[in-house]
>>> print(open('work-v6.txt').read())   # compact mmCIF, C-alpha atoms
# COMPACT_ATOMS: atom_id res chain seq x y z
CA MET A 24 -73.23 -33.37 -29.17
CA ARG A 25 -71.60 -34.19 -32.51
CA LEU A 26 -70.77 -37.22 -34.65
CA ARG A 27 -67.24 -38.54 -35.03
CA PRO A 28 -65.83 -41.51 -36.95
CA LEU A 29 -65.47 -44.46 -34.60
CA GLU A 30 -62.00 -45.17 -35.95
CA GLU A 31 -60.79 -41.89 -34.42
CA LEU A 32 -61.74 -42.95 -30.89
CA LYS A 33 -60.23 -45.26 -28.28
CA ALA A 34 -61.79 -46.90 -25.23
CA GLU A 35 -60.86 -49.32 -22.47
CA GLU A 36 -61.77 -52.99 -22.86
CA VAL A 37 -65.10 -54.15 -21.40
CA SER A 38 -66.44 -57.55 -20.37
CA LEU A 39 -68.07 -59.78 -22.94
CA GLU A 40 -71.32 -59.84 -20.97
CA GLU A 41 -71.48 -56.04 -20.93
CA LEU A 42 -70.71 -55.88 -24.65
CA LEU A 43 -73.39 -58.39 -25.63
CA ASN A 44 -76.02 -56.73 -23.45
CA SER A 45 -75.27 -53.35 -25.03
CA MET A 46 -75.48 -54.83 -28.53
CA ARG A 47 -78.80 -56.47 -27.66
CA SER A 48 -80.18 -53.17 -26.39
CA MET A 49 -79.10 -51.31 -29.52
CA LEU A 50 -80.53 -53.92 -31.88
CA ARG A 51 -83.86 -54.01 -30.01
CA SER A 52 -84.26 -50.24 -29.80
CA ASN A 53 -82.49 -49.41 -33.08
CA SER A 54 -80.61 -46.71 -31.20
CA VAL A 55 -77.89 -45.84 -28.72
CA ALA A 56 -79.23 -44.36 -25.49
CA SER A 57 -76.98 -41.29 -25.34
CA SER A 58 -73.74 -39.78 -26.58
CA LEU A 59 -70.33 -41.04 -25.50
CA ALA A 60 -68.37 -38.75 -23.19
CA VAL A 61 -64.92 -38.05 -24.61
CA GLU A 62 -61.75 -36.14 -23.85
CA GLY A 63 -59.87 -35.72 -27.10
CA ASP A 64 -59.87 -39.13 -28.76
CA ARG A 65 -60.46 -41.07 -25.52
CA VAL A 66 -63.87 -42.30 -24.39
CA ILE A 67 -64.13 -41.55 -20.66
CA ASP A 68 -67.75 -42.65 -20.18
CA GLY A 69 -69.58 -45.05 -22.45
CA ALA A 70 -66.86 -47.58 -23.35
CA VAL A 71 -69.41 -50.40 -23.48
CA ASP A 72 -71.52 -48.57 -26.05
CA TYR A 73 -68.39 -47.67 -27.98
CA TRP A 74 -67.46 -51.34 -28.40
CA ALA A 75 -71.04 -52.28 -29.21
CA LEU A 76 -71.09 -49.70 -32.00
CA ARG A 77 -67.75 -51.04 -33.23
CA TRP A 78 -68.98 -54.63 -33.46
CA LEU A 79 -72.25 -53.55 -35.06
CA ARG A 80 -70.05 -51.90 -37.70
CA CYS A 81 -71.48 -48.40 -37.28
CA ARG A 82 -69.29 -45.79 -38.92
CA LEU A 83 -69.97 -42.90 -36.54
CA ALA A 84 -70.37 -42.34 -32.81
CA PRO A 85 -72.31 -39.56 -31.05
CA VAL A 86 -69.90 -37.78 -28.70
CA SER A 87 -69.90 -34.87 -26.29
CA GLU A 88 -67.06 -33.38 -24.29
CA GLY A 89 -66.77 -34.46 -20.68
CA LEU A 90 -70.18 -36.03 -20.08
CA ARG A 91 -72.89 -38.08 -21.78
CA GLU A 92 -75.93 -36.26 -23.08
CA GLY A 93 -78.79 -36.37 -25.57
CA GLY A 94 -80.43 -39.46 -26.97
CA PRO A 95 -81.71 -41.78 -28.08
CA ILE A 96 -79.76 -41.58 -31.37
CA PRO A 97 -80.99 -43.88 -34.20
CA LEU A 98 -78.44 -46.38 -35.49
CA GLU A 99 -79.14 -45.33 -39.08
CA ALA A 100 -77.89 -41.82 -38.21
CA LEU A 101 -74.57 -43.44 -37.23
CA GLY A 102 -74.00 -45.16 -40.57
CA PHE A 103 -75.36 -48.52 -39.39
CA TYR A 104 -75.91 -49.81 -42.94
CA ASP A 105 -72.89 -48.13 -44.57
CA ASN A 106 -70.67 -51.23 -44.38
CA ALA A 107 -73.39 -53.32 -46.08
CA MET A 108 -73.37 -51.25 -49.28
CA SER A 109 -70.54 -50.92 -51.81
CA ASN A 110 -69.64 -47.85 -53.82
CA GLU A 111 -71.50 -47.33 -57.07
CA TYR A 112 -68.69 -48.49 -59.34
CA ARG A 113 -67.27 -51.34 -57.22
CA ALA A 114 -63.74 -50.03 -57.78
CA TYR A 115 -61.23 -50.56 -54.95
CA ARG A 116 -57.67 -49.49 -54.22
CA ASP A 117 -56.47 -52.82 -52.82
CA VAL A 118 -57.58 -56.30 -51.79
CA MET A 119 -58.34 -55.28 -48.20
CA GLU A 120 -60.69 -52.56 -49.42
CA LEU A 121 -62.30 -55.03 -51.83
CA LEU A 122 -62.90 -57.56 -49.09
CA SER A 123 -64.24 -55.02 -46.60
CA ASN A 124 -66.35 -52.88 -48.89
CA ASP A 125 -67.68 -54.98 -51.77
CA ARG A 126 -70.99 -55.55 -50.01
CA PRO A 127 -73.56 -56.98 -49.85
CA THR A 128 -73.11 -60.41 -51.38
CA PRO A 129 -76.06 -61.19 -53.69
CA MET A 130 -79.37 -62.63 -52.61
CA VAL A 131 -81.50 -64.24 -55.32
CA MET A 132 -84.92 -65.89 -55.38
CA LEU A 133 -84.89 -69.58 -56.29
CA ARG A 134 -87.39 -71.36 -58.49
CA GLY A 135 -88.77 -74.49 -56.88
CA ASN A 136 -91.79 -76.27 -55.50
CA TRP A 137 -91.54 -74.86 -52.00
CA GLY A 138 -95.23 -74.74 -51.09
CA PRO A 139 -98.17 -72.33 -51.48
CA GLY A 140 -97.12 -68.72 -51.01
CA VAL A 141 -93.55 -69.68 -50.04
CA ARG A 142 -90.60 -67.88 -51.62
CA VAL A 143 -87.00 -68.99 -51.07
CA TRP A 144 -83.96 -66.74 -51.40
CA ALA A 145 -80.33 -67.82 -51.54
CA LYS A 146 -77.62 -65.66 -49.95
CA LEU A 147 -74.64 -66.41 -52.21
CA GLU A 148 -71.52 -66.28 -50.08
CA TRP A 149 -69.19 -67.61 -52.77
CA TYR A 150 -69.05 -64.00 -53.98
CA ASN A 151 -66.45 -63.40 -51.27
CA PRO A 152 -63.25 -63.17 -53.34
CA LEU A 153 -60.51 -64.96 -51.39
CA SER A 154 -61.79 -68.42 -50.50
CA LEU A 155 -64.97 -68.11 -52.56
CA SER A 156 -66.85 -68.68 -49.31
CA ILE A 157 -68.41 -67.10 -46.24
CA LYS A 158 -65.15 -67.79 -44.40
CA ASP A 159 -63.60 -64.64 -45.86
CA ARG A 160 -65.74 -62.74 -43.38
CA THR A 161 -64.64 -64.93 -40.49
CA ALA A 162 -60.97 -64.75 -41.45
CA LEU A 163 -60.99 -60.97 -41.76
CA GLY A 164 -62.77 -60.56 -38.43
CA VAL A 165 -60.56 -62.85 -36.36
CA LEU A 166 -57.32 -61.69 -38.01
CA MET A 167 -58.02 -57.97 -37.57
CA GLU A 168 -58.97 -58.57 -33.95
CA ALA A 169 -55.74 -60.52 -33.37
CA LEU A 170 -53.61 -57.87 -35.06
CA SER A 171 -55.23 -55.09 -33.03
CA ARG A 172 -53.87 -56.83 -29.93
CA ASN A 173 -50.50 -57.73 -31.43
CA PRO A 174 -49.78 -55.29 -34.28
CA ASP A 175 -46.14 -56.34 -34.60
CA ALA A 176 -46.92 -59.99 -35.30
CA ARG A 177 -45.46 -61.33 -38.53
CA LYS A 178 -46.68 -64.95 -38.36
CA ILE A 179 -50.17 -66.41 -38.15
CA PHE A 180 -51.05 -70.03 -37.41
CA GLU A 181 -54.52 -71.55 -37.76
CA VAL A 182 -56.25 -74.91 -37.99
CA SER A 183 -58.58 -75.33 -40.94
CA SER A 184 -59.66 -78.02 -43.36
CA SER A 185 -60.25 -75.57 -46.19
CA ASN A 186 -61.98 -72.22 -46.52
CA THR A 187 -60.91 -70.31 -43.39
CA GLY A 188 -57.32 -71.35 -43.96
CA ILE A 189 -57.45 -70.24 -47.60
CA ALA A 190 -58.88 -66.86 -46.61
CA LEU A 191 -56.23 -66.38 -43.91
CA ALA A 192 -53.46 -67.42 -46.31
CA ALA A 193 -54.74 -64.89 -48.86
CA LEU A 194 -54.99 -62.14 -46.24
CA SER A 195 -51.49 -62.97 -45.06
CA ALA A 196 -50.19 -62.60 -48.60
CA ALA A 197 -51.92 -59.22 -48.89
CA LEU A 198 -50.57 -58.03 -45.53
CA GLY A 199 -47.05 -59.45 -45.78
CA LEU A 200 -47.51 -62.07 -43.05
CA ARG A 201 -46.30 -65.67 -42.94
CA ALA A 202 -49.14 -68.17 -42.65
CA ARG A 203 -48.98 -71.73 -41.36
CA ILE A 204 -52.19 -73.70 -41.73
CA TYR A 205 -52.70 -77.04 -39.98
CA VAL A 206 -54.98 -79.28 -42.00
CA PRO A 207 -56.36 -82.69 -41.01
CA THR A 208 -55.62 -85.81 -43.04
CA THR A 209 -59.26 -85.77 -44.18
CA ALA A 210 -58.91 -82.38 -45.93
CA GLU A 211 -59.78 -82.56 -49.63
CA GLY A 212 -57.41 -81.54 -52.41
CA PHE A 213 -58.88 -78.13 -53.12
CA GLY A 214 -57.95 -76.73 -49.70
CA PRO A 215 -54.32 -77.86 -49.36
CA SER A 216 -53.64 -77.06 -53.02
CA MET A 217 -54.93 -73.50 -52.70
CA LEU A 218 -52.95 -73.00 -49.49
CA ARG A 219 -49.70 -73.99 -51.16
CA ILE A 220 -50.36 -71.80 -54.19
CA LEU A 221 -50.98 -68.84 -51.87
CA GLY A 222 -47.60 -69.43 -50.21
CA ALA A 223 -48.79 -70.79 -46.87
CA GLU A 224 -46.91 -73.48 -45.01
CA VAL A 225 -49.16 -76.53 -44.82
CA VAL A 226 -48.86 -78.91 -41.88
CA VAL A 227 -50.93 -82.09 -42.13
CA ARG A 228 -51.85 -83.24 -38.64
CA GLY A 229 -54.60 -85.29 -37.04
CA SER A 230 -57.76 -86.74 -38.48
CA SER A 231 -59.85 -83.66 -37.62
CA THR A 232 -59.43 -79.96 -36.88
CA VAL A 233 -60.31 -80.63 -33.24
CA GLU A 234 -57.46 -83.13 -32.97
CA ALA A 235 -54.93 -80.75 -34.53
CA LEU A 236 -55.90 -77.72 -32.44
CA PRO A 237 -53.95 -78.25 -29.15
CA SER A 238 -50.56 -78.75 -30.78
CA ALA A 239 -51.14 -75.83 -33.16
CA ILE A 240 -51.90 -73.52 -30.21
CA ALA A 241 -48.77 -74.71 -28.39
CA GLU A 242 -46.55 -74.19 -31.45
CA ALA A 243 -47.97 -70.73 -32.09
CA LYS A 244 -47.11 -69.74 -28.52
CA ALA A 245 -43.62 -71.20 -28.79
CA GLU A 246 -42.87 -69.42 -32.07
CA GLY A 247 -44.49 -66.07 -31.23
CA ALA A 248 -47.22 -66.39 -33.87
CA ILE A 249 -50.76 -65.15 -33.49
CA MET A 250 -53.35 -67.92 -33.39
CA PRO A 251 -56.88 -66.59 -34.01
CA ASN A 252 -58.49 -69.99 -33.27
CA GLN A 253 -61.72 -69.56 -35.21
CA PHE A 254 -63.35 -72.28 -33.08
CA GLU A 255 -63.20 -70.30 -29.82
CA ASN A 256 -62.67 -66.69 -30.91
CA ILE A 257 -65.72 -64.54 -30.13
CA ALA A 258 -64.72 -62.31 -33.06
CA ASN A 259 -66.00 -65.12 -35.30
CA PRO A 260 -69.73 -64.81 -34.50
CA LEU A 261 -69.54 -61.08 -33.70
CA THR A 262 -68.18 -60.45 -37.20
CA HIS A 263 -71.32 -61.97 -38.70
CA VAL A 264 -73.62 -59.90 -36.47
CA GLY A 265 -72.35 -56.70 -38.06
CA THR A 266 -71.98 -58.05 -41.62
CA THR A 267 -73.80 -61.17 -42.85
CA ALA A 268 -76.90 -60.77 -40.68
CA LYS A 269 -77.13 -57.04 -41.33
CA GLU A 270 -76.93 -57.58 -45.09
CA ILE A 271 -79.80 -60.10 -45.00
CA ASP A 272 -81.87 -57.61 -43.02
CA LEU A 273 -81.03 -54.77 -45.43
CA GLN A 274 -81.77 -56.86 -48.53
CA ALA A 275 -85.04 -58.16 -47.08
CA ASN A 276 -86.13 -54.60 -46.34
CA PHE A 277 -85.17 -53.45 -49.85
CA LEU A 278 -87.16 -56.29 -51.42
CA GLY A 279 -90.11 -55.82 -49.08
CA LEU A 280 -89.93 -59.44 -47.95
CA LYS A 281 -92.24 -61.02 -45.41
CA LEU A 282 -89.26 -62.74 -43.82
CA ARG A 283 -90.25 -65.86 -41.88
CA GLY A 284 -87.04 -67.82 -41.44
CA ILE A 285 -83.34 -68.24 -42.20
CA PHE A 286 -81.60 -71.59 -42.69
CA VAL A 287 -77.95 -71.64 -41.57
CA THR A 288 -75.45 -74.50 -41.49
CA LEU A 289 -73.51 -75.34 -38.31
CA GLY A 290 -69.73 -75.71 -38.44
CA THR A 291 -67.72 -73.45 -36.16
CA ARG A 292 -71.17 -71.90 -35.57
CA GLY A 293 -69.80 -68.47 -36.46
CA HIS A 294 -72.30 -67.20 -39.01
CA SER A 295 -75.17 -69.19 -37.47
CA ALA A 296 -74.60 -67.68 -34.01
CA GLY A 297 -74.13 -64.20 -35.43
CA ILE A 298 -77.32 -64.39 -37.49
CA ALA A 299 -79.30 -65.84 -34.57
CA PHE A 300 -78.03 -63.08 -32.24
CA TYR A 301 -78.96 -60.34 -34.72
CA PHE A 302 -82.43 -61.50 -35.67
CA LYS A 303 -83.55 -62.66 -32.23
CA ASN A 304 -82.88 -59.15 -30.97
CA ARG A 305 -83.70 -56.95 -33.95
CA ARG A 306 -86.44 -59.06 -35.58
CA PRO A 307 -87.57 -61.75 -33.12
CA ASP A 308 -90.43 -62.79 -35.41
CA VAL A 309 -87.86 -64.33 -37.81
CA LYS A 310 -86.98 -67.95 -37.00
CA VAL A 311 -83.43 -69.26 -37.41
CA PHE A 312 -83.02 -72.93 -38.33
CA GLY A 313 -79.66 -74.65 -37.82
CA VAL A 314 -78.55 -77.45 -40.15
CA GLN A 315 -76.13 -80.24 -39.21
CA PRO A 316 -75.09 -83.61 -40.71
CA ALA A 317 -77.20 -86.59 -39.70
CA GLU A 318 -75.53 -89.35 -37.70
CA GLY A 319 -73.04 -91.13 -39.93
CA SER A 320 -72.99 -88.45 -42.63
CA ILE A 321 -70.04 -86.27 -43.57
CA ILE A 322 -70.80 -82.90 -45.16
CA PRO A 323 -67.73 -80.69 -45.77
CA GLY A 324 -67.78 -77.46 -43.79
CA ILE A 325 -70.39 -78.50 -41.22
CA ARG A 326 -70.48 -80.94 -38.34
CA ARG A 327 -72.76 -82.32 -35.64
CA GLN A 328 -73.02 -80.04 -32.64
CA ASP A 329 -72.42 -80.61 -28.96
CA PRO A 330 -75.36 -78.77 -27.33
CA SER A 331 -73.18 -77.91 -24.32
CA LYS A 332 -70.71 -76.01 -26.50
CA TRP A 333 -72.03 -72.78 -27.91
CA TRP A 334 -70.73 -69.27 -28.14
CA PRO A 335 -71.42 -67.21 -24.99
CA MET A 336 -74.57 -65.82 -26.54
CA ALA A 337 -77.97 -66.96 -25.29
CA GLU A 338 -79.38 -66.80 -28.79
CA ARG A 339 -79.31 -70.17 -30.54
CA PRO A 340 -81.21 -71.49 -33.56
CA ASP A 341 -84.89 -72.14 -32.89
CA GLU A 342 -84.52 -75.65 -34.26
CA ILE A 343 -81.70 -77.91 -35.53
CA ILE A 344 -82.43 -80.13 -38.53
CA ASP A 345 -80.39 -83.19 -39.49
CA VAL A 346 -79.53 -83.73 -43.16
CA THR A 347 -77.69 -86.65 -44.79
CA ASP A 348 -74.88 -86.15 -47.26
CA SER A 349 -77.04 -87.72 -49.98
CA GLU A 350 -79.86 -85.27 -49.27
CA ALA A 351 -77.41 -82.35 -49.41
CA MET A 352 -76.00 -83.46 -52.77
CA ASP A 353 -79.43 -84.20 -54.25
CA SER A 354 -80.71 -80.78 -53.24
CA ALA A 355 -77.64 -78.99 -54.64
CA ILE A 356 -77.99 -80.85 -57.95
CA ALA A 357 -81.74 -80.13 -58.08
CA VAL A 358 -81.15 -76.40 -57.57
CA ALA A 359 -78.48 -76.44 -60.29
CA ARG A 360 -80.89 -78.09 -62.74
CA THR A 361 -83.75 -75.68 -62.03
CA ASN A 362 -81.85 -72.43 -61.40
CA GLY A 363 -78.40 -72.85 -62.96
CA LEU A 364 -76.65 -72.22 -59.63
CA LEU A 365 -74.42 -74.96 -58.21
CA PHE A 366 -74.29 -74.73 -54.42
CA GLY A 367 -71.60 -76.34 -52.32
CA MET A 368 -72.63 -79.27 -50.15
CA SER A 369 -73.40 -77.12 -47.12
CA GLY A 370 -75.64 -74.90 -49.25
CA GLY A 371 -77.32 -78.04 -50.55
CA ALA A 372 -77.80 -79.12 -46.93
CA ALA A 373 -79.52 -75.82 -46.12
CA VAL A 374 -81.96 -76.35 -48.99
CA ALA A 375 -82.53 -79.97 -47.95
CA ALA A 376 -83.31 -78.82 -44.39
CA LEU A 377 -85.86 -76.34 -45.70
CA LEU A 378 -87.55 -79.14 -47.65
CA LYS A 379 -87.46 -81.46 -44.63
CA LYS A 380 -89.03 -78.80 -42.43
CA GLY A 381 -92.34 -79.66 -44.04
CA LYS A 382 -95.22 -77.23 -44.43
CA LEU A 383 -93.87 -73.69 -44.25
CA GLU A 384 -95.86 -70.63 -43.32
CA GLU A 385 -96.56 -68.36 -46.28
CA GLY A 386 -93.78 -65.83 -46.73
CA ASP A 387 -90.07 -65.56 -47.47
CA TYR A 388 -87.19 -67.77 -46.34
CA VAL A 389 -83.43 -67.31 -46.77
CA VAL A 390 -80.91 -70.14 -47.15
CA VAL A 391 -77.33 -69.05 -46.52
CA VAL A 392 -75.07 -70.71 -49.13
CA PRO A 393 -71.50 -70.79 -47.73
CA ASP A 394 -69.61 -71.71 -50.90
CA HIS A 395 -69.72 -72.85 -54.54
CA GLY A 396 -70.24 -76.38 -55.79
CA ILE A 397 -67.20 -76.32 -58.08
CA LYS A 398 -65.20 -77.53 -55.08
CA TYR A 399 -67.26 -80.71 -54.87
CA LEU A 400 -67.59 -81.81 -58.49
CA ASP A 401 -66.15 -85.28 -57.90
CA ARG A 402 -68.69 -85.94 -55.17
CA TYR A 403 -71.59 -84.73 -57.32
CA LEU A 404 -70.48 -86.76 -60.32
CA SER A 405 -70.16 -89.82 -58.11
CA ARG A 406 -73.69 -89.22 -56.85
CA LEU A 407 -74.92 -89.08 -60.42
CA GLY A 408 -73.07 -92.29 -61.24
CA ASP A 409 -70.88 -90.59 -63.87
>>> encode(input="work-v6.txt", output="structure tokens")
Amino acid sequence: MRLRPLEELKAEEVSLEELLNSMRSMLRSNSVASSLAVEGDRVIDGAVDYWALRWLRCRLAPVSEGLREGGPIPLEALGFYDNAMSNEYRAYRDVMELLSNDRPTPMVMLRGNWGPGVRVWAKLEWYNPLSLSIKDRTALGVLMEALSRNPDARKIFEVSSSNTGIALAALSAALGLRARIYVPTTAEGFGPSMLRILGAEVVVRGSSTVEALPSAIAEAKAEGAIMPNQFENIANPLTHVGTTAKEIDLQANFLGLKLRGIFVTLGTRGHSAGIAFYFKNRRPDVKVFGVQPAEGSIIPGIRRQDPSKWWPMAERPDEIIDVTDSEAMDSAIAVARTNGLLFGMSGGAAVAALLKKGKLEEGDYVVVVPDHGIKYLDRYLSRLGD
């Protein structure tokens, strides 16, 4: 048995159920059961484990010629954490390398009156360089998956009100693709403006992303464009299993945290589903709390959830907490005035949900902050009455 880079190997497609079960098994046992049987660069036995290792972002695979053998092999021996750590000097040859390898995004402890023995940490996703948001991860994951199936594609269409579209437009510029982003009439100025500056074609359609989606899919098919469809593409949550969730785990281990819970906002449910999947299998003692707008509230980037519509993963947040737009803004402003960090409204909502949760068990809690508050200055100033 020997170790080979996963990128050198190829394997047949497997069912989603098989893939998820293999990923669960690896996360729970922190290992792969045995080597993959290969002939040359082709996996002839163990395709399910190959794809699980791919989505968990391991760098290496254990292989043996002709038949499977050995095991169990620890994930750490396969470079499990390699993609969550940047090089020492943070110097990169191009934008794609920057986006893929400048990891992890920072996690910082917040000052605040959280309760006896409670420490709160913010995972700052605005450090992603393209959209200044967590959606860089989503965009990279769904686009690379789409291009792996259609490598000759030159056009990409997507529906987005802001951050995912910006990230896809930026990636398209870096890769020489033409991007068309469908935005709803409710999209705020920052998103459409950035899209146009990045060279994307902007099509304003419908009052929501859901309303614009069917026609965008039809036009992509008619014009031969790839359409990742972040809302239904399993690459969205799976990307966050092997990146965002893993980074939180790595950083918590480094800091020696007594991790009790993670607060995640619910939009396309990509990072929330990925984080829930990871921690419910690898660290089931850690609770995952979903955050959504209360009835009648509008919070950019997140939306109320239909319980019947979830990614095909059994793992969901342990609890969903409703937050008003006023509570989200007040929490973001309070954090800014005590810590000097201005969260976007969804990050403010995550903090507000933590406060609404009530008495927290002693230990450490993470709030995932999807983007920066500079995008919402008008709203914050209006809240302040300025």
>>> closest_residue(input="work-v6.txt", among="A:Ala145, A:Val314, A:Ala196, A:Val55", to="A:Met119", atoms="all atoms listed in the file")
A:Ala196
>>> closest_residue(input="work-v6.txt", among="A:Ala375, A:Leu79, A:Leu400, A:Ala84", to="A:Gln315", atoms="all atoms listed in the file")
A:Ala375
>>> residues_around(input="work-v6.txt", residues="stretch 232-238 of chain A", least_positions_apart="4", cutoff="8 Å", atoms="only C-alpha atoms", output="tab-separated table (two decimals) with C-alpha atoms, in the coordinates of the input")
chain	number	residue	atom	x	y	z
A	182	VAL	CA	-56.25	-74.91	-37.99
A	183	SER	CA	-58.58	-75.33	-40.94
A	184	SER	CA	-59.66	-78.02	-43.36
A	205	TYR	CA	-52.70	-77.04	-39.98
A	206	VAL	CA	-54.98	-79.28	-42.00
A	207	PRO	CA	-56.36	-82.69	-41.01
A	228	ARG	CA	-51.85	-83.24	-38.64
A	242	GLU	CA	-46.55	-74.19	-31.45
>>> closest_residue(input="work-v6.txt", among="A:Trp333, A:Tyr403, A:Arg305, A:Ile397", to="A:Ala351", atoms="only C-alpha atoms")
A:Tyr403
>>> axis_aligned_box(input="work-v6.txt", around="stretch 302-315 of chain A", padding_each_side="3 Å", output="JSON")
{"center_x": -83.3, "center_y": -68.6, "center_z": -35.6, "size_x": 20.3, "size_y": 29.3, "size_z": 15.2}
>>> closest_residue(input="work-v6.txt", among="A:Val86, A:Leu383, A:Met46, A:Ala248", to="A:Arg201", atoms="all atoms listed in the file")
A:Ala248
>>> closest_residue(input="work-v6.txt", among="A:Leu221, A:Ala359, A:Leu50, A:Ala192", to="A:Leu76", atoms="only C-alpha atoms")
A:Leu50
>>> atom_distance(input="work-v6.txt", atom1="atom CA of A:Arg160", atom2="atom CA of A:Gly293")
9.9 Å
>>> atom_distance(input="work-v6.txt", atom1="atom CA of A:Ala70", atom2="atom CA of A:Asp105")
22.1 Å
>>> closest_residue(input="work-v6.txt", among="A:Gly367, A:Gly297, A:Pro215, A:Pro129", to="A:Pro393", atoms="all atoms listed in the file")
A:Gly367
>>> residues_near_point(input="work-v6.txt", point="(-68.2, -57.3, -24.2)", cutoff="10 Å", atoms="all atoms listed in the file", output="PyMOL selection string")
chain A and resi 36-46+70-72+74-75+78+257
>>> residues_around(input="work-v6.txt", residues="A:Pro28", least_positions_apart="6", cutoff="12 Å", atoms="only C-alpha atoms", output="ChimeraX atom specification")
/A:64,73,76-77,80-86,101-102
>>> atom_distance(input="work-v6.txt", atom1="atom CA of A:Gly164", atom2="atom CA of A:Leu261")
8.3 Å
>>> residues_around(input="work-v6.txt", residues="A:Arg65", least_positions_apart="3", cutoff="12 Å", atoms="only C-alpha atoms", output="PDB file with C-alpha atoms, in the coordinates of the input")
ATOM      1  CA  ARG A  27     -67.240 -38.540 -35.030  1.00  0.00           C
ATOM      2  CA  LEU A  29     -65.470 -44.460 -34.600  1.00  0.00           C
ATOM      3  CA  GLU A  30     -62.000 -45.170 -35.950  1.00  0.00           C
ATOM      4  CA  GLU A  31     -60.790 -41.890 -34.420  1.00  0.00           C
ATOM      5  CA  LEU A  32     -61.740 -42.950 -30.890  1.00  0.00           C
ATOM      6  CA  LYS A  33     -60.230 -45.260 -28.280  1.00  0.00           C
ATOM      7  CA  ALA A  34     -61.790 -46.900 -25.230  1.00  0.00           C
ATOM      8  CA  GLU A  35     -60.860 -49.320 -22.470  1.00  0.00           C
ATOM      9  CA  LEU A  59     -70.330 -41.040 -25.500  1.00  0.00           C
ATOM     10  CA  ALA A  60     -68.370 -38.750 -23.190  1.00  0.00           C
ATOM     11  CA  VAL A  61     -64.920 -38.050 -24.610  1.00  0.00           C
ATOM     12  CA  GLU A  62     -61.750 -36.140 -23.850  1.00  0.00           C
ATOM     13  CA  ASP A  68     -67.750 -42.650 -20.180  1.00  0.00           C
ATOM     14  CA  GLY A  69     -69.580 -45.050 -22.450  1.00  0.00           C
ATOM     15  CA  ALA A  70     -66.860 -47.580 -23.350  1.00  0.00           C
ATOM     16  CA  TYR A  73     -68.390 -47.670 -27.980  1.00  0.00           C
ATOM     17  CA  VAL A  86     -69.900 -37.780 -28.700  1.00  0.00           C
ATOM     18  CA  SER A  87     -69.900 -34.870 -26.290  1.00  0.00           C
ATOM     19  CA  GLU A  88     -67.060 -33.380 -24.290  1.00  0.00           C
ATOM     20  CA  GLY A  89     -66.770 -34.460 -20.680  1.00  0.00           C
TER      21      GLY A  89
END
>>> residues_around(input="work-v6.txt", residues="stretch 271-275 of chain A", least_positions_apart="3", cutoff="12 Å", atoms="all atoms listed in the file", output="short mmCIF file (atom, residue, chain, number, x, y, z; two decimals) with C-alpha atoms, in the coordinates of the input")
data_model
loop_
_atom_site.label_atom_id
_atom_site.label_comp_id
_atom_site.auth_asym_id
_atom_site.auth_seq_id
_atom_site.Cartn_x
_atom_site.Cartn_y
_atom_site.Cartn_z
CA LEU A 50 -80.53 -53.92 -31.88
CA GLU A 99 -79.14 -45.33 -39.08
CA PHE A 103 -75.36 -48.52 -39.39
CA TYR A 104 -75.91 -49.81 -42.94
CA ASP A 105 -72.89 -48.13 -44.57
CA ASN A 106 -70.67 -51.23 -44.38
CA ALA A 107 -73.39 -53.32 -46.08
CA MET A 108 -73.37 -51.25 -49.28
CA ARG A 126 -70.99 -55.55 -50.01
CA PRO A 127 -73.56 -56.98 -49.85
CA THR A 128 -73.11 -60.41 -51.38
CA PRO A 129 -76.06 -61.19 -53.69
CA MET A 130 -79.37 -62.63 -52.61
CA VAL A 131 -81.50 -64.24 -55.32
CA MET A 132 -84.92 -65.89 -55.38
CA VAL A 143 -87.00 -68.99 -51.07
CA TRP A 144 -83.96 -66.74 -51.40
CA ALA A 145 -80.33 -67.82 -51.54
CA LYS A 146 -77.62 -65.66 -49.95
CA LEU A 147 -74.64 -66.41 -52.21
CA GLU A 148 -71.52 -66.28 -50.08
CA HIS A 263 -71.32 -61.97 -38.70
CA VAL A 264 -73.62 -59.90 -36.47
CA GLY A 265 -72.35 -56.70 -38.06
CA THR A 266 -71.98 -58.05 -41.62
CA THR A 267 -73.80 -61.17 -42.85
CA ALA A 268 -76.90 -60.77 -40.68
CA LEU A 278 -87.16 -56.29 -51.42
CA GLY A 279 -90.11 -55.82 -49.08
CA LEU A 280 -89.93 -59.44 -47.95
CA LYS A 281 -92.24 -61.02 -45.41
CA LEU A 282 -89.26 -62.74 -43.82
CA ARG A 283 -90.25 -65.86 -41.88
CA GLY A 284 -87.04 -67.82 -41.44
CA ILE A 285 -83.34 -68.24 -42.20
CA PHE A 286 -81.60 -71.59 -42.69
CA HIS A 294 -72.30 -67.20 -39.01
CA GLY A 297 -74.13 -64.20 -35.43
CA ILE A 298 -77.32 -64.39 -37.49
CA ALA A 299 -79.30 -65.84 -34.57
CA TYR A 301 -78.96 -60.34 -34.72
CA PHE A 302 -82.43 -61.50 -35.67
CA ARG A 305 -83.70 -56.95 -33.95
CA ARG A 306 -86.44 -59.06 -35.58
CA VAL A 309 -87.86 -64.33 -37.81
CA GLY A 386 -93.78 -65.83 -46.73
CA ASP A 387 -90.07 -65.56 -47.47
CA TYR A 388 -87.19 -67.77 -46.34
CA VAL A 389 -83.43 -67.31 -46.77
CA VAL A 390 -80.91 -70.14 -47.15
CA VAL A 391 -77.33 -69.05 -46.52
#
>>> decode(input="work-v6.txt", residues="stretch 291-298 of chain A", atoms="C-alpha atoms", output="mmCIF file, in the first residue's frame")
data_model
loop_
_atom_site.group_PDB
_atom_site.id
_atom_site.type_symbol
_atom_site.label_atom_id
_atom_site.label_comp_id
_atom_site.auth_asym_id
_atom_site.auth_seq_id
_atom_site.Cartn_x
_atom_site.Cartn_y
_atom_site.Cartn_z
ATOM 1 C CA THR A 291 -29.527 28.525 0.527
ATOM 2 C CA ARG A 292 -28.641 26.401 3.577
ATOM 3 C CA GLY A 293 -25.248 25.593 2.061
ATOM 4 C CA HIS A 294 -22.853 26.390 4.888
ATOM 5 C CA SER A 295 -25.427 25.539 7.565
ATOM 6 C CA ALA A 296 -26.053 22.061 6.119
ATOM 7 C CA GLY A 297 -22.349 21.440 5.582
ATOM 8 C CA ILE A 298 -21.457 22.467 9.135
#
